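Structure data (mmCIF, C-alpha atoms) from target-v3.cif:
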data_structure
#
loop_
_atom_site.label_atom_id
_atom_site.label_comp_id
_atom_site.auth_asym_id
_atom_site.auth_seq_id
_atom_site.Cartn_x
_atom_site.Cartn_y
_atom_site.Cartn_z
CA MET R 20 -6.06 29.37 -13.25
CA THR R 21 -5.92 31.57 -10.18
CA ASN R 22 -2.51 33.08 -9.50
CA SER R 23 -1.52 31.31 -6.29
CA ASN R 24 2.12 32.34 -5.97
CA ASP R 25 1.41 34.13 -2.70
CA PHE R 26 -0.50 31.25 -1.16
CA SER R 27 0.53 28.40 1.08
CA PRO R 28 -0.95 25.03 0.13
CA VAL R 29 -4.56 24.54 1.18
CA VAL R 30 -5.24 20.95 0.17
CA LEU R 31 -8.36 18.88 -0.42
CA GLN R 32 -7.76 15.13 -0.78
CA VAL R 33 -10.57 13.24 -2.51
CA LEU R 34 -11.12 9.47 -2.36
CA PRO R 35 -14.07 7.03 -2.43
CA GLU R 36 -14.23 6.12 1.27
CA LEU R 37 -12.23 5.93 4.48
CA GLU R 38 -12.34 2.26 5.33
CA MET R 39 -9.14 0.19 5.55
CA GLY R 40 -6.64 0.05 2.67
CA GLY R 41 -3.49 1.54 1.21
CA VAL R 42 -5.22 4.52 -0.44
CA GLU R 43 -7.07 5.33 2.77
CA ARG R 44 -4.01 4.94 4.97
CA GLY R 45 -1.93 7.16 2.69
CA THR R 46 -4.63 9.83 2.76
CA ILE R 47 -4.73 9.84 6.56
CA GLU R 48 -0.94 9.94 6.79
CA ILE R 49 -0.74 12.99 4.52
CA ALA R 50 -3.66 14.76 6.20
CA THR R 51 -2.36 14.36 9.75
CA TYR R 52 1.18 15.32 8.74
CA LEU R 53 -0.04 18.48 7.00
CA GLN R 54 -2.03 19.38 10.09
CA LYS R 55 1.02 18.87 12.30
CA LYS R 56 2.98 21.20 10.00
CA GLY R 57 0.28 23.85 10.19
CA ILE R 58 -0.83 23.35 6.57
CA LYS R 59 -4.59 23.71 6.21
CA ASN R 60 -6.15 20.63 4.64
CA PHE R 61 -9.42 18.79 4.14
CA VAL R 62 -10.59 15.34 3.06
CA ALA R 63 -13.70 14.39 1.08
CA SER R 64 -15.03 10.84 0.93
CA GLN R 65 -18.12 8.72 1.50
CA GLY R 66 -16.96 8.21 5.10
CA GLY R 67 -15.86 5.14 7.02
CA ARG R 68 -14.09 3.92 10.11
CA LEU R 69 -10.99 6.10 9.61
CA VAL R 70 -12.91 9.40 9.72
CA HIS R 71 -12.39 9.43 13.49
CA GLU R 72 -8.63 9.80 12.92
CA LEU R 73 -9.28 13.02 11.03
CA GLU R 74 -11.70 14.25 13.68
CA ARG R 75 -9.14 13.50 16.40
CA ASP R 76 -6.70 15.88 14.68
CA LYS R 77 -9.44 18.44 13.92
CA ILE R 78 -9.25 17.91 10.13
CA LYS R 79 -12.54 18.72 8.43
CA HIS R 80 -14.13 15.88 6.47
CA LEU R 81 -16.74 16.43 3.75
CA THR R 82 -19.08 13.45 3.39
CA LEU R 83 -20.35 12.88 -0.15
CA PRO R 84 -21.32 9.70 -2.09
CA LEU R 85 -17.91 9.70 -3.81
CA LYS R 86 -17.80 5.94 -4.32
CA THR R 87 -20.54 6.20 -6.94
CA LYS R 88 -19.94 5.66 -10.65
CA ASN R 89 -23.34 7.11 -11.56
CA ILE R 90 -22.59 10.05 -13.88
CA PHE R 91 -25.45 12.18 -12.49
CA LYS R 92 -24.31 11.69 -8.91
CA MET R 93 -20.71 12.35 -9.97
CA ARG R 94 -21.82 15.66 -11.50
CA ALA R 95 -23.73 16.52 -8.32
CA ASN R 96 -20.63 15.69 -6.27
CA ALA R 97 -18.59 18.02 -8.47
CA LYS R 98 -20.93 20.94 -7.73
CA LYS R 99 -20.72 20.35 -3.98
CA LEU R 100 -16.93 19.98 -4.15
CA GLU R 101 -16.65 23.21 -6.12
CA GLN R 102 -18.62 25.09 -3.46
CA PHE R 103 -16.51 23.50 -0.69
CA ILE R 104 -13.31 24.55 -2.53
CA ARG R 105 -14.52 28.14 -2.79
CA ASP R 106 -15.81 28.30 0.79
CA ASN R 107 -12.55 27.05 2.31
CA GLY R 108 -9.95 28.78 0.12
CA ILE R 109 -8.62 25.46 -1.21
CA ASN R 110 -5.97 25.87 -3.91
CA ILE R 111 -4.95 22.23 -4.54
CA VAL R 112 -7.31 19.31 -5.18
CA HIS R 113 -5.52 15.97 -4.81
CA ALA R 114 -7.52 13.01 -6.19
CA ARG R 115 -6.67 9.41 -5.30
CA SER R 116 -9.16 7.23 -7.19
CA ARG R 117 -10.93 7.30 -10.53
CA ALA R 118 -14.66 7.85 -9.88
CA PRO R 119 -14.16 10.63 -7.31
CA ALA R 120 -11.30 11.98 -9.42
CA TRP R 121 -13.74 12.93 -12.18
CA SER R 122 -15.85 14.91 -9.72
CA ALA R 123 -12.68 16.45 -8.27
CA TYR R 124 -11.35 17.34 -11.73
CA TRP R 125 -14.56 19.08 -12.82
CA ALA R 126 -14.76 20.93 -9.50
CA ALA R 127 -11.13 22.08 -9.60
CA LYS R 128 -11.47 23.34 -13.17
CA ARG R 129 -14.63 25.30 -12.41
CA ALA R 130 -13.12 26.75 -9.24
CA GLY R 131 -9.87 27.64 -11.04
CA VAL R 132 -7.54 25.77 -8.68
CA HIS R 133 -4.78 23.21 -9.14
CA TYR R 134 -5.65 19.55 -9.72
CA MET R 135 -3.27 16.62 -9.16
CA THR R 136 -3.52 12.88 -8.58
CA THR R 137 -1.85 9.91 -6.98
CA PHE R 138 -1.80 6.85 -9.26
CA HIS R 139 -2.14 3.97 -6.80
CA GLY R 140 -2.49 0.93 -9.05
CA THR R 141 -2.41 -0.61 -12.52
CA TYR R 142 -6.02 0.03 -13.43
CA GLY R 143 -7.50 -2.44 -15.90
CA LEU R 144 -7.71 -1.21 -19.49
CA GLY R 145 -10.77 -3.27 -20.44
CA PRO R 146 -11.60 -4.77 -23.86
CA LEU R 147 -9.86 -2.89 -26.68
CA GLY R 148 -8.47 -0.52 -24.06
CA LEU R 149 -11.86 1.20 -23.70
CA LYS R 150 -11.43 1.80 -19.96
CA LYS R 151 -8.48 4.08 -20.74
CA ILE R 152 -11.04 6.84 -21.27
CA TYR R 153 -12.35 6.35 -17.72
CA ASN R 154 -8.85 5.91 -16.27
CA LYS R 155 -7.52 9.00 -18.07
CA VAL R 156 -8.67 11.32 -15.28
CA MET R 157 -5.76 10.01 -13.21
CA VAL R 158 -3.23 11.52 -15.65
CA LEU R 159 -5.07 14.82 -16.18
CA GLY R 160 -3.44 16.28 -13.09
CA GLU R 161 -0.81 18.97 -13.46
CA LYS R 162 1.29 16.58 -11.40
CA VAL R 163 0.82 12.82 -11.10
CA ILE R 164 2.35 10.98 -8.15
CA ALA R 165 3.42 7.40 -8.94
CA ILE R 166 3.87 5.24 -5.85
CA SER R 167 6.61 3.07 -7.40
CA GLU R 168 8.77 2.70 -10.50
CA HIS R 169 6.42 -0.07 -11.58
CA ILE R 170 3.47 2.34 -11.55
CA LYS R 171 5.49 5.04 -13.31
CA LYS R 172 6.38 2.62 -16.11
CA HIS R 173 2.73 1.55 -16.34
CA ILE R 174 1.60 5.18 -16.74
CA LEU R 175 4.19 5.92 -19.42
CA ALA R 176 3.43 2.71 -21.32
CA ASN R 177 -0.35 3.18 -21.39
CA TYR R 178 -1.13 6.89 -21.31
CA LYS R 179 0.05 9.88 -23.31
CA VAL R 180 1.72 11.82 -20.54
CA SER R 181 5.00 13.68 -20.27
CA GLU R 182 7.49 12.00 -17.96
CA ASP R 183 8.35 15.30 -16.26
CA LYS R 184 4.74 15.48 -15.06
CA ILE R 185 5.20 12.29 -13.01
CA CYS R 186 6.63 12.51 -9.47
CA LEU R 187 7.88 9.32 -7.81
CA VAL R 188 6.78 9.27 -4.17
CA HIS R 189 7.02 5.83 -2.56
CA ARG R 190 4.51 4.69 0.03
CA CYS R 191 5.80 4.40 3.57
CA VAL R 192 5.91 2.41 6.77
CA ASP R 193 5.16 3.78 10.23
CA VAL R 194 8.57 3.25 11.86
CA GLU R 195 7.17 4.05 15.30
CA LYS R 196 4.75 1.16 15.00
CA PHE R 197 6.99 -1.16 12.95
CA ASN R 198 9.97 -1.07 15.27
CA PRO R 199 11.37 -4.17 17.02
CA GLU R 200 11.98 -2.16 20.18
CA ALA R 201 8.34 -1.03 20.29
CA VAL R 202 6.93 -4.58 20.59
CA SER R 203 6.60 -5.51 24.24
CA GLN R 204 7.27 -8.93 25.70
CA GLU R 205 3.58 -9.13 26.65
CA ARG R 206 2.54 -8.68 22.99
CA ILE R 207 5.05 -11.33 21.90
CA ILE R 208 3.77 -13.86 24.45
CA LYS R 209 0.15 -13.11 23.53
CA THR R 210 0.89 -13.60 19.82
CA ILE R 211 2.74 -16.89 20.39
CA LYS R 212 -0.25 -18.23 22.35
CA GLU R 213 -2.87 -16.88 19.94
CA TYR R 214 -1.21 -18.40 16.87
CA HIS R 215 -0.01 -21.59 18.60
CA ILE R 216 3.56 -20.97 17.45
CA PRO R 217 5.99 -23.80 18.30
CA ASP R 218 9.21 -22.75 20.00
CA ASP R 219 11.37 -25.28 18.15
CA LYS R 220 10.57 -24.23 14.55
CA LYS R 221 11.53 -21.30 12.34
CA VAL R 222 8.43 -19.32 11.43
CA LEU R 223 7.49 -18.31 7.89
CA LEU R 224 4.86 -15.58 7.60
CA LEU R 225 2.65 -14.61 4.66
CA ILE R 226 0.16 -11.81 5.35
CA GLY R 227 -2.48 -10.81 2.81
CA ARG R 228 -6.06 -11.46 1.82
CA LEU R 229 -6.61 -14.90 0.31
CA THR R 230 -6.74 -14.29 -3.42
CA HIS R 231 -5.07 -16.05 -6.33
CA TRP R 232 -2.80 -13.18 -7.37
CA LYS R 233 -1.31 -12.96 -3.86
CA GLY R 234 0.18 -16.42 -4.46
CA GLN R 235 -0.75 -18.45 -1.38
CA HIS R 236 -1.12 -21.52 -3.62
CA LEU R 237 2.38 -20.92 -4.98
CA LEU R 238 3.77 -20.86 -1.45
CA LEU R 239 2.16 -24.20 -0.59
CA GLU R 240 3.67 -25.80 -3.68
CA ALA R 241 7.06 -24.32 -2.79
CA LEU R 242 6.81 -25.66 0.78
CA SER R 243 6.39 -29.16 -0.64
CA LEU R 244 9.75 -28.69 -2.43
CA LEU R 245 11.75 -27.38 0.54
CA LYS R 246 14.89 -29.22 1.58
CA ASN R 247 14.61 -27.73 5.05
CA LYS R 248 11.51 -29.15 6.74
CA ASP R 249 12.17 -27.47 10.08
CA TYR R 250 9.61 -24.66 9.75
CA TYR R 251 6.12 -23.55 10.72
CA CYS R 252 4.23 -21.44 8.18
CA LEU R 253 1.50 -18.92 9.03
CA ILE R 254 -0.81 -17.80 6.22
CA VAL R 255 -2.74 -14.86 7.62
CA GLY R 256 -5.57 -13.00 5.91
CA PRO R 257 -9.32 -13.14 5.25
CA ASP R 258 -10.76 -14.85 2.17
CA GLN R 259 -13.28 -12.00 1.75
CA GLY R 260 -15.83 -14.48 0.43
CA ARG R 261 -13.44 -16.32 -1.90
CA VAL R 262 -14.54 -19.65 -0.49
CA LYS R 263 -13.45 -21.72 -3.50
CA TYR R 264 -9.89 -20.41 -3.34
CA SER R 265 -9.79 -20.89 0.42
CA GLU R 266 -10.93 -24.51 0.02
CA HIS R 267 -8.39 -25.00 -2.77
CA LEU R 268 -5.59 -23.90 -0.44
CA ARG R 269 -6.69 -26.31 2.27
CA ASN R 270 -6.84 -29.12 -0.29
CA LEU R 271 -3.27 -28.28 -1.34
CA VAL R 272 -2.17 -28.64 2.29
CA LYS R 273 -3.56 -32.19 2.24
CA LYS R 274 -2.18 -32.92 -1.23
CA TYR R 275 1.35 -31.91 -0.23
CA HIS R 276 1.10 -33.48 3.27
CA LEU R 277 1.71 -30.14 4.98
CA GLU R 278 -0.67 -30.71 7.90
CA GLY R 279 0.99 -29.58 11.11
CA SER R 280 3.41 -27.34 9.23
CA VAL R 281 0.92 -24.77 7.87
CA ALA R 282 -1.77 -22.82 9.72
CA PHE R 283 -4.39 -20.41 8.33
CA HIS R 284 -5.62 -17.44 10.32
CA GLY R 285 -8.30 -15.10 9.07
CA GLN R 286 -6.98 -11.83 10.43
CA THR R 287 -4.44 -10.23 12.73
CA THR R 288 -4.82 -7.21 14.96
CA ASP R 289 -1.09 -6.89 15.66
CA VAL R 290 1.04 -7.20 12.53
CA PRO R 291 4.29 -5.93 14.17
CA ALA R 292 4.06 -8.56 16.93
CA LEU R 293 3.30 -11.29 14.40
CA MET R 294 6.35 -10.26 12.38
CA MET R 295 8.40 -10.11 15.56
CA VAL R 296 7.77 -13.79 16.31
CA SER R 297 8.54 -14.78 12.71
CA ASN R 298 11.88 -15.48 11.06
CA VAL R 299 11.02 -14.93 7.39
CA VAL R 300 8.41 -12.53 5.99
CA LEU R 301 7.06 -13.54 2.58
CA SER R 302 5.56 -11.65 -0.35
CA THR R 303 4.54 -14.21 -2.98
CA ALA R 304 2.42 -12.20 -5.44
CA ILE R 305 2.23 -13.69 -8.93
CA GLU R 306 1.12 -10.33 -10.39
CA PRO R 307 3.00 -7.08 -9.78
CA GLU R 308 2.01 -5.24 -6.62
CA ALA R 309 1.73 -1.49 -7.03
CA PHE R 310 4.04 -1.02 -4.05
CA GLY R 311 3.90 -3.91 -1.59
CA ARG R 312 3.87 -2.58 1.95
CA ILE R 313 4.59 -5.96 3.55
CA SER R 314 8.13 -5.94 2.12
CA ILE R 315 9.07 -2.70 3.87
CA GLU R 316 7.17 -3.54 7.04
CA GLY R 317 9.16 -6.78 7.26
CA GLN R 318 12.43 -4.91 6.73
CA ALA R 319 11.45 -2.31 9.34
CA MET R 320 10.99 -5.16 11.83
CA GLY R 321 14.47 -6.45 11.01
CA LYS R 322 13.22 -9.63 9.34
CA VAL R 323 14.55 -11.49 6.32
CA VAL R 324 12.10 -10.76 3.49
CA VAL R 325 11.58 -13.10 0.53
CA ALA R 326 9.64 -11.49 -2.33
CA SER R 327 8.79 -12.04 -5.99
CA ASN R 328 10.98 -10.11 -8.43
CA ILE R 329 8.16 -7.99 -9.87
CA GLY R 330 6.27 -4.83 -9.04
CA GLY R 331 6.92 -2.50 -6.14
CA SER R 332 9.27 -4.85 -4.29
CA LEU R 333 11.92 -4.07 -6.91
CA ASP R 334 12.02 -0.55 -5.44
CA THR R 335 12.28 -1.66 -1.84
CA ILE R 336 14.56 -4.71 -1.68
CA THR R 337 18.21 -5.09 -2.59
CA ASP R 338 18.66 -8.75 -3.48
CA GLY R 339 20.85 -10.60 -1.00
CA VAL R 340 21.36 -7.45 1.08
CA THR R 341 18.00 -6.43 2.56
CA GLY R 342 16.09 -9.51 1.43
CA LYS R 343 15.88 -12.14 -1.29
CA PHE R 344 14.07 -12.25 -4.63
CA PHE R 345 12.65 -15.32 -6.30
CA TYR R 346 11.40 -15.63 -9.88
CA SER R 347 7.74 -14.71 -9.89
CA ASN R 348 5.24 -17.56 -10.16
CA ASN R 349 8.07 -20.11 -9.94
CA PRO R 350 7.62 -22.52 -7.00
CA ILE R 351 11.12 -24.01 -7.41
CA SER R 352 12.70 -20.54 -7.22
CA LEU R 353 10.54 -19.67 -4.19
CA ALA R 354 11.55 -22.90 -2.46
CA GLU R 355 15.24 -22.14 -3.11
CA ALA R 356 14.83 -18.61 -1.70
CA ILE R 357 13.11 -19.91 1.46
CA ASP R 358 15.78 -22.58 1.91
CA TRP R 359 18.39 -19.81 1.55
CA ALA R 360 16.65 -17.74 4.25
CA LEU R 361 16.29 -20.69 6.62
CA ALA R 362 19.98 -21.59 6.24
CA LEU R 363 21.34 -18.15 7.16
CA SER R 364 23.68 -17.99 10.13
CA PRO R 365 22.88 -15.68 13.09
CA ALA R 366 25.60 -13.31 11.88
CA GLU R 367 24.13 -13.21 8.35
CA ILE R 368 20.64 -12.65 9.72
CA LYS R 369 21.90 -9.77 11.85
CA LYS R 370 23.59 -8.17 8.84
CA ILE R 371 20.44 -8.41 6.68
CA SER R 372 18.30 -7.19 9.59
CA GLN R 373 20.41 -4.09 10.10
CA ALA R 374 20.53 -3.38 6.35
CA GLY R 375 16.73 -3.69 6.07
CA ILE R 376 16.05 -1.36 8.99
CA LYS R 377 18.52 1.20 7.60
CA ASN R 378 16.95 0.93 4.14
CA VAL R 379 13.50 1.75 5.53
CA GLN R 380 14.73 4.59 7.74
CA ASN R 381 16.62 6.18 4.82
CA ASN R 382 13.94 5.78 2.16
CA PHE R 383 10.47 4.74 3.31
CA THR R 384 9.39 6.60 6.42
CA LYS R 385 6.16 8.56 6.76
CA ASP R 386 8.12 11.81 7.11
CA ILE R 387 9.96 11.18 3.82
CA MET R 388 6.73 10.38 1.94
CA CYS R 389 4.92 13.39 3.37
CA GLU R 390 7.78 15.85 2.76
CA LYS R 391 8.05 14.69 -0.86
CA THR R 392 4.30 15.18 -1.27
CA ILE R 393 4.47 18.68 0.22
CA ALA R 394 7.28 19.44 -2.24
CA VAL R 395 4.88 18.53 -5.07
CA TYR R 396 2.22 20.83 -3.61
CA LYS R 397 4.72 23.68 -3.36
CA GLU R 398 5.93 23.06 -6.90
CA LEU R 399 2.34 23.42 -8.10
CA LEU R 400 2.10 26.75 -6.33
CA ASN R 401 5.59 27.86 -7.42
CA ILE R 402 6.65 28.34 -3.80
CA ASN R 403 10.39 28.34 -3.18
CA HIS R 404 11.39 25.40 -1.02
#
Just give me the structure as structure tokens.
Amino acid sequence: MTNSNDFSPVVLQVLPELEMGGVERGTIEIATYLQKKGIKNFVASQGGRLVHELERDKIKHLTLPLKTKNIFKMRANAKKLEQFIRDNGINIVHARSRAPAWSAYWAAKRAGVHYMTTFHGTYGLGPLGLKKIYNKVMVLGEKVIAISEHIKKHILANYKVSEDKICLVHRCVDVEKFNPEAVSQERIIKTIKEYHIPDDKKVLLLIGRLTHWKGQHLLLEALSLLKNKDYYCLIVGPDQGRVKYSEHLRNLVKKYHLEGSVAFHGQTTDVPALMMVSNVVLSTAIEPEAFGRISIEGQAMGKVVVASNIGGSLDTITDGVTGKFFYSNNPISLAEAIDWALALSPAEIKKISQAGIKNVQNNFTKDIMCEKTIAVYKELLNINH
């Protein structure tokens, strides 16, 4: 390993592609923050719509077929990454996904530089745990960032890794974008018209792609059990080709006689405005989310958040203070939590709203996430900070 005590971090982040998603967004957030701080950094991926954000901030992007799982292409990627590391004086390789992480790991070892990872999800272990061998690259880093306590526990339970190697760095919310004061009246009016939101109902909002584990079906069952019928529920997200599940949800609406009270929308271009016109933001996952960005985005917007008591939300919500938990995969518990939220007085809503905003500002901003990540980089390089 090259002695890098005298160096500042020069970072290469490696991921499959730069389309939309939590891994991609986190990569861009780190890259642009490093650039703003004068820390030289690079990104390698297969490319995608977010590359322009790097180009805008003059961050060099290396385009390679890093989404591949073909071992020969992975080896070829490793050689090109190694040369890129040497040519640009990179001293930290930060991998964010398994297939490109193998190429990044081989390249870092051959170039004699530091290798670290961010563990973004609970990767499947496969039959007899055979996929652990493939997944293992994510714990081979000198440091491993876990994005929540849930992910940290998953790593410790499934991989032989020392706990002091793991650094807890929560994901973040953009508090400039998710800020009630930043949403104009024009955006509010446009959203009300676009989503046909009634002005005499309290609005429940569930954002997320239509997939079984996100729990849209659970929400519909819970709505049928509500005591308070004075609501309008928006379920927003694409089905991404899951036509059967999408049809199943619409059949549940008919089964539970929820027509007129529930509306499906495939996508939204303005999440903050949609949250602004809502009263309750929901997170109904029946499987643990690695972090669960919706919960902190809802809090940042000053909304009452109702979330399942599993996964990343356990890190971000204080029950009864910044939001409300329900027992995961339990429609009766979800119905009770929604009824609780709908029955809150204006004074109680204001108190929860203020607590949620403060929680995000104190713990989950982009600056906090990025500074904690830089601290990990500096620790790798033994720089005093």
Contacts of segment 342-392 of chain R with segment 326-329 of chain R up to 7 Å, shortest pair per row, all atoms listed in the file, as CSV:
residue,atom,partner,partner_atom,distance
R:Lys343,CA,R:Ala326,CA,6.4
R:Phe344,CA,R:Ala326,CA,5.0
R:Phe345,CA,R:Ser327,CA,5.1
R:Tyr346,CA,R:Asn328,CA,5.7
R:Ser347,CA,R:Ser327,CA,4.8
Could you write out the selected residues, including C-alpha atoms, as a PDB file, keeping the file's coordinate frame?
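Listed below is the output, result24.pdb:
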ATOM      1  CA  LYS R 343      15.880 -12.140  -1.290  1.00  0.00           C
ATOM      2  CA  PHE R 344      14.070 -12.250  -4.630  1.00  0.00           C
ATOM      3  CA  PHE R 345      12.650 -15.320  -6.300  1.00  0.00           C
ATOM      4  CA  TYR R 346      11.400 -15.630  -9.880  1.00  0.00           C
ATOM      5  CA  SER R 347       7.740 -14.710  -9.890  1.00  0.00           C
TER       6      SER R 347
END
(request) Mind checking which residues fall within 12 Å of Val192 of chain R, counting only C-alpha atoms, ignoring those fewer than 3 positions away in the same chain, and posting them as number ranges by chain? (result) R: 41, 44-45, 48, 189, 195-198, 291, 310-320, 335, 376, 378-389
Save out the residues we just selected, C-alpha atoms, as an mmCIF file, keeping the file's coordinate frame.
data_model
loop_
_atom_site.group_PDB
_atom_site.id
_atom_site.type_symbol
_atom_site.label_atom_id
_atom_site.label_comp_id
_atom_site.auth_asym_id
_atom_site.auth_seq_id
_atom_site.Cartn_x
_atom_site.Cartn_y
_atom_site.Cartn_z
ATOM 1 C CA GLY R 41 -3.490 1.540 1.210
ATOM 2 C CA ARG R 44 -4.010 4.940 4.970
ATOM 3 C CA GLY R 45 -1.930 7.160 2.690
ATOM 4 C CA GLU R 48 -0.940 9.940 6.790
ATOM 5 C CA HIS R 189 7.020 5.830 -2.560
ATOM 6 C CA GLU R 195 7.170 4.050 15.300
ATOM 7 C CA LYS R 196 4.750 1.160 15.000
ATOM 8 C CA PHE R 197 6.990 -1.160 12.950
ATOM 9 C CA ASN R 198 9.970 -1.070 15.270
ATOM 10 C CA PRO R 291 4.290 -5.930 14.170
ATOM 11 C CA PHE R 310 4.040 -1.020 -4.050
ATOM 12 C CA GLY R 311 3.900 -3.910 -1.590
ATOM 13 C CA ARG R 312 3.870 -2.580 1.950
ATOM 14 C CA ILE R 313 4.590 -5.960 3.550
ATOM 15 C CA SER R 314 8.130 -5.940 2.120
ATOM 16 C CA ILE R 315 9.070 -2.700 3.870
ATOM 17 C CA GLU R 316 7.170 -3.540 7.040
ATOM 18 C CA GLY R 317 9.160 -6.780 7.260
ATOM 19 C CA GLN R 318 12.430 -4.910 6.730
ATOM 20 C CA ALA R 319 11.450 -2.310 9.340
ATOM 21 C CA MET R 320 10.990 -5.160 11.830
ATOM 22 C CA THR R 335 12.280 -1.660 -1.840
ATOM 23 C CA ILE R 376 16.050 -1.360 8.990
ATOM 24 C CA ASN R 378 16.950 0.930 4.140
ATOM 25 C CA VAL R 379 13.500 1.750 5.530
ATOM 26 C CA GLN R 380 14.730 4.590 7.740
ATOM 27 C CA ASN R 381 16.620 6.180 4.820
ATOM 28 C CA ASN R 382 13.940 5.780 2.160
ATOM 29 C CA PHE R 383 10.470 4.740 3.310
ATOM 30 C CA THR R 384 9.390 6.600 6.420
ATOM 31 C CA LYS R 385 6.160 8.560 6.760
ATOM 32 C CA ASP R 386 8.120 11.810 7.110
ATOM 33 C CA ILE R 387 9.960 11.180 3.820
ATOM 34 C CA MET R 388 6.730 10.380 1.940
ATOM 35 C CA CYS R 389 4.920 13.390 3.370
#
(message) Between R:Gln204, R:Ser181, R:Asn298, R:Ser280, which residue has the minimum interatomic distance to Lys221 of chain R, considering all atoms listed in the file?
(response) R:Asn298
(message) Once the PyMOL selection byres ((chain R and resi 247) around 12) is applied to the coordinates I shared, what remains selected? I want it as a ChimeraX atom specification.
(response) /R:220-221,241-246,248-251,280,354-363
Could you write out that same residue set with C-alpha atoms as an mmCIF file, keeping the file's coordinate frame?
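What landed in again.cif:
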data_model
loop_
_atom_site.group_PDB
_atom_site.id
_atom_site.type_symbol
_atom_site.label_atom_id
_atom_site.label_comp_id
_atom_site.auth_asym_id
_atom_site.auth_seq_id
_atom_site.Cartn_x
_atom_site.Cartn_y
_atom_site.Cartn_z
ATOM 1 C CA LYS R 220 10.570 -24.230 14.550
ATOM 2 C CA LYS R 221 11.530 -21.300 12.340
ATOM 3 C CA ALA R 241 7.060 -24.320 -2.790
ATOM 4 C CA LEU R 242 6.810 -25.660 0.780
ATOM 5 C CA SER R 243 6.390 -29.160 -0.640
ATOM 6 C CA LEU R 244 9.750 -28.690 -2.430
ATOM 7 C CA LEU R 245 11.750 -27.380 0.540
ATOM 8 C CA LYS R 246 14.890 -29.220 1.580
ATOM 9 C CA LYS R 248 11.510 -29.150 6.740
ATOM 10 C CA ASP R 249 12.170 -27.470 10.080
ATOM 11 C CA TYR R 250 9.610 -24.660 9.750
ATOM 12 C CA TYR R 251 6.120 -23.550 10.720
ATOM 13 C CA SER R 280 3.410 -27.340 9.230
ATOM 14 C CA ALA R 354 11.550 -22.900 -2.460
ATOM 15 C CA GLU R 355 15.240 -22.140 -3.110
ATOM 16 C CA ALA R 356 14.830 -18.610 -1.700
ATOM 17 C CA ILE R 357 13.110 -19.910 1.460
ATOM 18 C CA ASP R 358 15.780 -22.580 1.910
ATOM 19 C CA TRP R 359 18.390 -19.810 1.550
ATOM 20 C CA ALA R 360 16.650 -17.740 4.250
ATOM 21 C CA LEU R 361 16.290 -20.690 6.620
ATOM 22 C CA ALA R 362 19.980 -21.590 6.240
ATOM 23 C CA LEU R 363 21.340 -18.150 7.160
#
(request) Compile the contact shell of segment 262-268 of chain R as a PyMOL selection string: residues with an atom at most 9 Å away, counting only C-alpha atoms, same-chain residues fewer than 6 positions apart removed. (result) chain R and resi 229-231+235-236+239
(request) Write out as a PyMOL selection string which residues come within 12 Å of segment 293-296 of chain R when counting only C-alpha atoms, dropping same-chain ones fewer than 5 positions away. (result) chain R and resi 196-204+206-218+220-226+251-255+284+286-288+301+313-324+372
